[in-house]
Amino acid sequence: MTYTAPVGEISHTLTHIAGLDEMLVQGLLGDLDADTVLAILEEAGKFASEQIAPLNRQGDEEGAHLKDGAVSMPKGWREVYEQWVEAGWGSLPSPESHGGQGLPVTISMAVCEIWQSACMAFALNPMLTQGAADALALHGTEELKALYLEKLVSCEWSGTMQLTEPHAGSDLRFLKTRAEPQGDGSYKLFGTKIFITYGEHDLVDNIVHMVLARTPDAPKGTKGISLFLVPKFLVGDDGSLGQRNDIHAVSVEHKLGINASPTCVMQMGDNGGATGWLVGEENRGLAAMFTMMNRARLAVGIQGVGIAERAVQQAVAYAGERTQGFAANGPGEDEMVPIAEHPDVRRMLLTMKAKTAASRAICYLTARELDLAERAPEEAQRRAAHARANLFTPVAKAFSTDLGVEVASDGLQVHGGMGYVEETGAAQHFRDARIAPIYEGTNGIQAIDLVTRKLPMDGGAVVRAHIAALKEIVADVKGSNEPAFGQTGARLEEAVDALEEASEWMLVALGQNPQSALAGATPYLRLFGVTSGGVWLAKGALAQSRASDGALDKSMQTARFFAETQAVEAAGLARAITDGADSILGAGAEAVLT
């Protein structure tokens with residue numbers, strides 16, 4: 001199955017939903033202009049379709065293999081990766097002062113979508129490397145940056161993020177990996193980390209591991225965690241590679257999907273300890289690591305978008321070619337029609353497209369807020385954008401990855417029995433997509449973060465401002481009197497009212513009965529996503545119509561379909577949030593274990 005980057009849809013979302021044109025006019029993005037952005041997207045799309053996409057099926061079938069502590073990647077992967085690095089794609093998001101190209105987050109995430117669609121297993125490696133570069137740039141010493149930053153920025157070397165341990169899972173309070181100071185500024189690390197993406201591979205000559213560990217006498221809990229840079233090969237003062245460090249992959253997980261992405265169990269300390277250096281302040285490793293985590297969570301949301309887009313393209317192609325049955329108003333029972341003619345298949349395809357578009361809108365809006373948090377001219381604007389980015393990030397990660405799985409699952413259904421066999425490739429999208437709601441903090445954790453940390457920001461003022469902004473867009477849609485919108489305005493108004501009601505209930509419940517708030521956290525995140533995504537799709541459709549002097553395109557159809565068939569979930573979700581806690585909490589753990 002081929003892949004073509006949806007440059008038109010990406011450009012529409014950037015311009016008419018994420019407000020890229022406004023940022024360009026205001027001069028917030030330096031020398032960047034619309035033509036350059038389009039050229040970047042088109043060139044990325046060309047490289048993705050011609051070079052990366054062919055790796056997807058082959059990598060899934062061949063996988064990554066561990067032998068004698070070394071992981072070999074599928075045939076041809078290193079060659080494509082080196083071409084990708086040489087073309088400068090790895091350095092897009094990093095500041096020019098660090099050897100990067102300084103592109104805004106909004107554009108780099110749009111390009112990231114293209115890589116994820118082409119081959120998620122391939123794109124995982126640079127995604128984590130860019131996070132490691134960010135953490136080192138912000139928290140590393142000048143000496144460490146001099147040795148490692150340039151090659152991380154270019155992705156000539158790769159990076160990992162090492163948090164999880166066998167006994168700890170997502171609860172980092174119980175990390176046991178220890179770091180012993182050596183008296184010369186270095187440390188020796190001992191411990192085991194699991195689920196380490198690209199912990200070992202042969203795409204690059206060196207891997208720079210970012211490892212959470214405890215120093216002697218560190219406080220218990222998360223306040224006693226520090227971050228360390230631990231390279232696969234030690235690096236000389238002249239940048240040359242030296243001795244192999246005492247950090248090794250001891251196994252590679254056999255997974256449901258992303259088979260070409262080596263998920264490793266990493267062992268440190270079998271031969272005297274892995275040499276590492278402190279990144280940031282001692283006992284403040286989580287703050288430094290979250291430099292990687294927050295950007296990674298948005299990038300994982302983009303993975304959901306990317307896999308959904310790939311599944312959409314394959315389902316659309318199949319539905320246009322596969323003939324079966326006859327149309328009710330067609331030529332007769334003797335002439336089969338493409339399955340896209342059948343209303344239920346059409347419903348599935350429209351659902352897949354609309355969910356993908358809504359996820360893309362949420363992720364790109366989140367990226368925009370990250371840009372404004374750095375680039376807006378006024379301090380108050382930067383603070384407000386930072387708060388909105390914090391509010392949107394768990395939604396971008398969880399809502400988009402949930403929808404990625406749903407879209408990939410619908411893609412299987414469109415294929416019928418052929419979707420359940422591996423020959424078509426549709427099953428791979430579903431298998432690959434399924435990890436995204438789990439890693440970088442499961443979607444349940446994202447929902448808890450949204451409800452307990454982000455919703456109460458500034459006493460609820462941030463979420464209330466967001467809801468007020470959504471109401472303004474809905475009023476604009478209703479005031480347009482555009483017949484093609486159908487019931488879009490009315491349905492979105494109902495959804496925003498439901499979000500407002502549930503948000504106010506949550507804010508009260510957090511103070512009076514936190515367990516009830518936690519019971520409704522996941523449906524609340526879904527409500528937030530379905531409402532915001534629906535409103536933003538309508539915003540983009542209206543802006544597109546005005547920019548083209550009233551000419552209607554598929555963005556209007558997508559916005560209407562989402563509002564009239566997906567956003568109508570909002571009222572039910574609000575009821576589940578405000579009225580459903582007792583049925584969960586009253587059951588007790590014993591009720592679900594028997």
# chains A, B, ... in the order shown; residues from 1 in each chain; ligands from 1
$ residues_around --residues "Gln428 of chain A" --least-positions-apart "3" --cutoff "12 Å" --atoms "only C-alpha atoms" --output "ChimeraX atom specification"
/A:1,56-61,119-121,255-260,307-308,310-311,314,405,408-409,411-412,419-425,431-435
$ residues_around --residues "Pro166 of chain A" --least-positions-apart "4" --cutoff "12 Å" --atoms "only C-alpha atoms" --output "PyMOL selection string"
chain A and resi 170-172+174-177+191-196+265-267
$ closest_residue --among "A:Ala319, A:Leu537, A:Ile445, A:Ala509" --to "Ile473 of chain A" --atoms "only C-alpha atoms"
A:Leu537
$ residues_around --residues "segment 96-104 of chain A" --least-positions-apart "5" --cutoff "8 Å" --atoms "only C-alpha atoms" --output "ChimeraX atom specification"
/A:29,91,137,149-150,153-154,371
$ write_last_selection --atoms "N, CA and C atoms" --output "compact mmCIF listing (two decimals), in the first residue's frame"
# COMPACT_ATOMS: atom_id res chain seq x y z
N LEU A 29 7.51 33.94 13.24
CA LEU A 29 8.23 32.75 12.79
C LEU A 29 9.46 33.11 11.97
N SER A 91 17.28 17.76 11.92
CA SER A 91 17.59 19.01 12.63
C SER A 91 16.50 20.06 12.52
N ALA A 137 20.02 20.25 25.78
CA ALA A 137 20.20 21.68 25.50
C ALA A 137 19.76 22.55 26.67
N LEU A 149 25.66 17.38 21.78
CA LEU A 149 24.45 18.04 21.30
C LEU A 149 24.37 18.10 19.79
N GLU A 150 25.45 18.46 19.13
CA GLU A 150 25.40 18.62 17.67
C GLU A 150 24.98 17.33 16.97
N VAL A 153 21.26 16.69 17.65
CA VAL A 153 20.43 17.60 16.87
C VAL A 153 20.31 17.13 15.44
N SER A 154 21.40 16.69 14.86
CA SER A 154 21.37 16.22 13.47
C SER A 154 20.78 14.83 13.34
N ASP A 371 4.51 27.16 20.32
CA ASP A 371 5.24 28.22 19.60
C ASP A 371 4.97 29.59 20.20
$ residues_around --residues "Ser11 of chain A" --least-positions-apart "2" --cutoff "9 Å" --atoms "only C-alpha atoms" --output "NGL selection string"
:A and (6-9 or 13-16 or 37-38 or 41 or 110)
$ write_last_selection --atoms "N, CA and C atoms" --output "mmCIF file, in the first residue's frame"
data_model
loop_
_atom_site.group_PDB
_atom_site.id
_atom_site.type_symbol
_atom_site.label_atom_id
_atom_site.label_comp_id
_atom_site.auth_asym_id
_atom_site.auth_seq_id
_atom_site.Cartn_x
_atom_site.Cartn_y
_atom_site.Cartn_z
ATOM 1 N N PRO A 6 -0.719 13.948 2.813
ATOM 2 C CA PRO A 6 -1.903 14.783 2.576
ATOM 3 C C PRO A 6 -1.573 16.267 2.744
ATOM 4 N N VAL A 7 -0.742 16.770 1.859
ATOM 5 C CA VAL A 7 -0.250 18.142 2.009
ATOM 6 C C VAL A 7 -1.401 19.145 2.042
ATOM 7 N N GLY A 8 -2.443 18.901 1.247
ATOM 8 C CA GLY A 8 -3.586 19.808 1.244
ATOM 9 C C GLY A 8 -4.271 19.877 2.587
ATOM 10 N N GLU A 9 -4.548 18.714 3.200
ATOM 11 C CA GLU A 9 -5.203 18.683 4.506
ATOM 12 C C GLU A 9 -4.310 19.271 5.590
ATOM 13 N N THR A 13 -5.150 22.643 7.808
ATOM 14 C CA THR A 13 -5.177 22.657 9.269
ATOM 15 C C THR A 13 -4.210 23.694 9.828
ATOM 16 N N LEU A 14 -3.022 23.759 9.250
ATOM 17 C CA LEU A 14 -2.053 24.755 9.697
ATOM 18 C C LEU A 14 -2.583 26.168 9.519
ATOM 19 N N THR A 15 -3.148 26.434 8.355
ATOM 20 C CA THR A 15 -3.536 27.808 8.005
ATOM 21 C C THR A 15 -4.840 28.228 8.648
ATOM 22 N N HIS A 16 -5.877 27.429 8.476
ATOM 23 C CA HIS A 16 -7.223 27.860 8.854
ATOM 24 C C HIS A 16 -7.652 27.424 10.250
ATOM 25 N N VAL A 37 6.955 27.003 3.758
ATOM 26 C CA VAL A 37 6.264 25.945 4.499
ATOM 27 C C VAL A 37 5.734 24.886 3.538
ATOM 28 N N LEU A 38 5.090 25.336 2.474
ATOM 29 C CA LEU A 38 4.553 24.395 1.490
ATOM 30 C C LEU A 38 5.669 23.555 0.870
ATOM 31 N N LEU A 41 6.762 20.841 3.325
ATOM 32 C CA LEU A 41 5.792 19.750 3.392
ATOM 33 C C LEU A 41 5.857 18.870 2.150
ATOM 34 N N ALA A 110 3.974 18.957 11.962
ATOM 35 C CA ALA A 110 3.318 18.606 10.701
ATOM 36 C C ALA A 110 4.196 17.662 9.891
#
$ closest_residue --among "A:His466, A:His415, A:His209, A:His248" --to "Val230 of chain A" --atoms "only C-alpha atoms"
A:His209
$ select_by_dssp --residues "segment 315-369 of chain A" --states "helix (DSSP H, G or I)" --output "PyMOL selection string"
chain A and resi 315-321+339-341+343-369
$ atom_distance --atom1 "atom CA of Asp31 of chain A" --atom2 "atom CA of Gly88 of chain A"
18.2 Å
$ residues_around --residues "Gly45 of chain A" --least-positions-apart "4" --cutoff "10 Å" --atoms "only C-alpha atoms" --output "ChimeraX atom specification"
/A:3-7,39-41,49-52,111,113-115,118
$ write_last_selection --atoms "C-alpha atoms" --output "PDB file, in the first residue's frame"
ATOM      1  CA  TYR A   3       1.362   6.502   0.952  1.00  0.00           C
ATOM      2  CA  THR A   4       0.912  10.055  -0.284  1.00  0.00           C
ATOM      3  CA  ALA A   5       1.395  12.879   2.195  1.00  0.00           C
ATOM      4  CA  PRO A   6      -1.903  14.783   2.576  1.00  0.00           C
ATOM      5  CA  VAL A   7      -0.250  18.142   2.009  1.00  0.00           C
ATOM      6  CA  ALA A  39       7.912  23.459  -0.027  1.00  0.00           C
ATOM      7  CA  ILE A  40       8.992  21.785   3.229  1.00  0.00           C
ATOM      8  CA  LEU A  41       5.792  19.750   3.392  1.00  0.00           C
ATOM      9  CA  SER A  49       6.513   8.224   0.035  1.00  0.00           C
ATOM     10  CA  GLU A  50       9.585   7.276  -1.988  1.00  0.00           C
ATOM     11  CA  GLN A  51      12.066   6.258   0.708  1.00  0.00           C
ATOM     12  CA  ILE A  52      10.408   5.632   4.089  1.00  0.00           C
ATOM     13  CA  VAL A 111       6.422  17.043   9.171  1.00  0.00           C
ATOM     14  CA  GLU A 113       3.003  13.404  11.006  1.00  0.00           C
ATOM     15  CA  ILE A 114       4.325  12.610   7.547  1.00  0.00           C
ATOM     16  CA  TRP A 115       7.138  10.440   8.960  1.00  0.00           C
ATOM     17  CA  ALA A 118       5.079   6.573   6.254  1.00  0.00           C
TER      18      ALA A 118
END
$ closest_atom_pairs --of "segment 419-532 of chain A" --to "segment 385-391 of chain A" --cutoff "7 Å" --atoms "only C-alpha atoms" --output "tab-separated table"
residue	atom	partner	partner_atom	distance
A:Leu450	CA	A:Leu391	CA	6.8
A:Lys454	CA	A:Leu391	CA	5.3
A:Val462	CA	A:Ala387	CA	6.9
$ select_by_dssp --residues "segment 143-195 of chain A" --states "strand (DSSP E or B)" --output "JSON, numbers by chain"
{"A": [158, 159, 160, 161, 162, 178, 179, 180, 181, 186, 187, 188, 189, 190, 191, 192, 193, 194, 195]}
$ closest_residue --among "A:Ala581, A:Val305, A:Leu128, A:Ala249" --to "His201 of chain A" --atoms "only C-alpha atoms"
A:Ala249
$ decode --residues "segment 134-254 of chain A" --atoms "C-alpha atoms" --output "compact mmCIF listing (two decimals), in the first residue's frame"
# COMPACT_ATOMS: atom_id res chain seq x y z
CA ASP A 134 15.95 19.20 23.98
CA ALA A 135 16.71 17.89 27.47
CA LEU A 136 20.46 18.19 26.98
CA ALA A 137 20.20 21.68 25.50
CA LEU A 138 18.15 22.98 28.42
CA HIS A 139 19.76 21.15 31.33
CA GLY A 140 23.18 19.82 30.30
CA THR A 141 26.56 21.30 31.15
CA GLU A 142 28.53 23.11 28.48
CA GLU A 143 30.98 20.21 28.42
CA LEU A 144 28.26 17.65 27.72
CA LYS A 145 26.66 19.84 25.09
CA ALA A 146 29.98 20.30 23.33
CA LEU A 147 30.44 16.53 23.04
CA TYR A 148 26.92 15.33 22.31
CA LEU A 149 24.45 18.04 21.30
CA GLU A 150 25.40 18.62 17.67
CA LYS A 151 25.20 14.95 16.76
CA LEU A 152 21.89 14.55 18.60
CA VAL A 153 20.43 17.60 16.87
CA SER A 154 21.37 16.22 13.47
CA CYS A 155 20.21 12.72 14.52
CA GLU A 156 23.61 11.41 13.44
CA TRP A 157 23.56 9.82 16.89
CA SER A 158 20.30 8.73 18.47
CA GLY A 159 18.86 9.19 21.95
CA THR A 160 16.66 7.23 24.32
CA MET A 161 14.49 7.99 27.31
CA GLN A 162 14.93 5.47 30.15
CA LEU A 163 12.39 5.66 32.95
CA THR A 164 10.54 2.40 33.50
CA GLU A 165 11.81 -0.50 35.60
CA PRO A 166 10.34 -3.99 35.99
CA HIS A 167 8.94 -3.38 39.48
CA ALA A 168 7.90 0.26 39.04
CA GLY A 169 5.92 0.67 35.81
CA SER A 170 4.57 4.22 35.62
CA ASP A 171 5.08 4.87 39.34
CA LEU A 172 8.52 6.44 39.32
CA ARG A 173 8.65 6.75 43.10
CA PHE A 174 9.99 3.21 43.26
CA LEU A 175 12.91 3.49 40.85
CA LYS A 176 15.93 1.52 42.06
CA THR A 177 18.60 2.27 39.45
CA ARG A 178 21.47 3.83 41.37
CA ALA A 179 24.20 6.25 40.37
CA GLU A 180 27.40 6.31 42.41
CA PRO A 181 29.66 9.40 42.16
CA GLN A 182 33.25 8.72 41.12
CA GLY A 183 34.85 11.92 42.36
CA ASP A 184 35.68 13.23 38.90
CA GLY A 185 32.23 14.47 37.95
CA SER A 186 31.15 11.13 36.51
CA TYR A 187 28.93 8.43 38.01
CA LYS A 188 28.66 4.66 37.75
CA LEU A 189 25.11 3.45 37.11
CA PHE A 190 23.65 0.08 38.08
CA GLY A 191 20.16 -1.14 37.28
CA THR A 192 17.64 -2.47 34.76
CA LYS A 193 15.31 -0.51 32.53
CA ILE A 194 12.47 -1.97 30.45
CA PHE A 195 10.45 -0.90 27.42
CA ILE A 196 13.30 1.22 26.07
CA THR A 197 12.51 2.18 22.49
CA TYR A 198 15.57 1.93 20.24
CA GLY A 199 17.70 1.10 23.27
CA GLU A 200 20.04 -0.78 20.96
CA HIS A 201 20.28 -0.75 17.14
CA ASP A 202 22.69 -0.37 14.24
CA LEU A 203 21.26 2.70 12.49
CA VAL A 204 23.86 4.99 14.11
CA ASP A 205 27.37 4.77 15.55
CA ASN A 206 26.44 5.91 19.05
CA ILE A 207 23.34 6.00 21.25
CA VAL A 208 22.94 8.60 24.00
CA HIS A 209 20.76 7.28 26.80
CA MET A 210 18.93 9.64 29.16
CA VAL A 211 18.55 7.60 32.34
CA LEU A 212 16.67 8.27 35.58
CA ALA A 213 18.52 7.01 38.68
CA ARG A 214 19.11 7.72 42.36
CA THR A 215 22.28 9.01 43.93
CA PRO A 216 23.38 7.80 47.39
CA ASP A 217 21.33 9.30 50.24
CA ALA A 218 18.77 10.69 47.76
CA PRO A 219 15.35 11.42 49.28
CA LYS A 220 12.66 8.80 48.83
CA GLY A 221 10.03 9.19 46.16
CA THR A 222 10.18 11.33 43.06
CA LYS A 223 12.12 14.07 44.86
CA GLY A 224 15.17 11.81 44.92
CA ILE A 225 15.44 11.10 41.19
CA SER A 226 18.24 12.50 39.01
CA LEU A 227 18.83 12.41 35.26
CA PHE A 228 22.04 11.09 33.71
CA LEU A 229 23.53 11.00 30.24
CA VAL A 230 24.92 7.51 29.56
CA PRO A 231 26.40 6.94 26.09
CA LYS A 232 26.68 3.55 24.40
CA PHE A 233 30.28 4.45 23.55
CA LEU A 234 32.30 6.86 25.64
CA VAL A 235 33.34 9.97 23.71
CA GLY A 236 36.81 11.51 23.76
CA ASP A 237 37.47 15.21 24.15
CA ASP A 238 37.98 15.39 20.38
CA GLY A 239 34.60 13.79 19.72
CA SER A 240 35.99 10.39 18.77
CA LEU A 241 34.31 7.21 19.95
CA GLY A 242 36.13 5.24 22.59
CA GLN A 243 35.40 2.36 24.94
CA ARG A 244 32.07 0.50 24.93
CA ASN A 245 30.11 1.56 28.00
CA ASP A 246 28.62 -0.91 30.46
CA ILE A 247 25.03 -0.54 29.21
CA HIS A 248 23.64 -3.36 27.09
CA ALA A 249 20.40 -4.71 25.68
CA VAL A 250 19.70 -8.13 27.21
CA SER A 251 16.45 -8.78 25.35
CA VAL A 252 14.10 -7.33 22.76
CA GLU A 253 10.37 -7.56 23.38
CA HIS A 254 8.12 -9.53 21.04
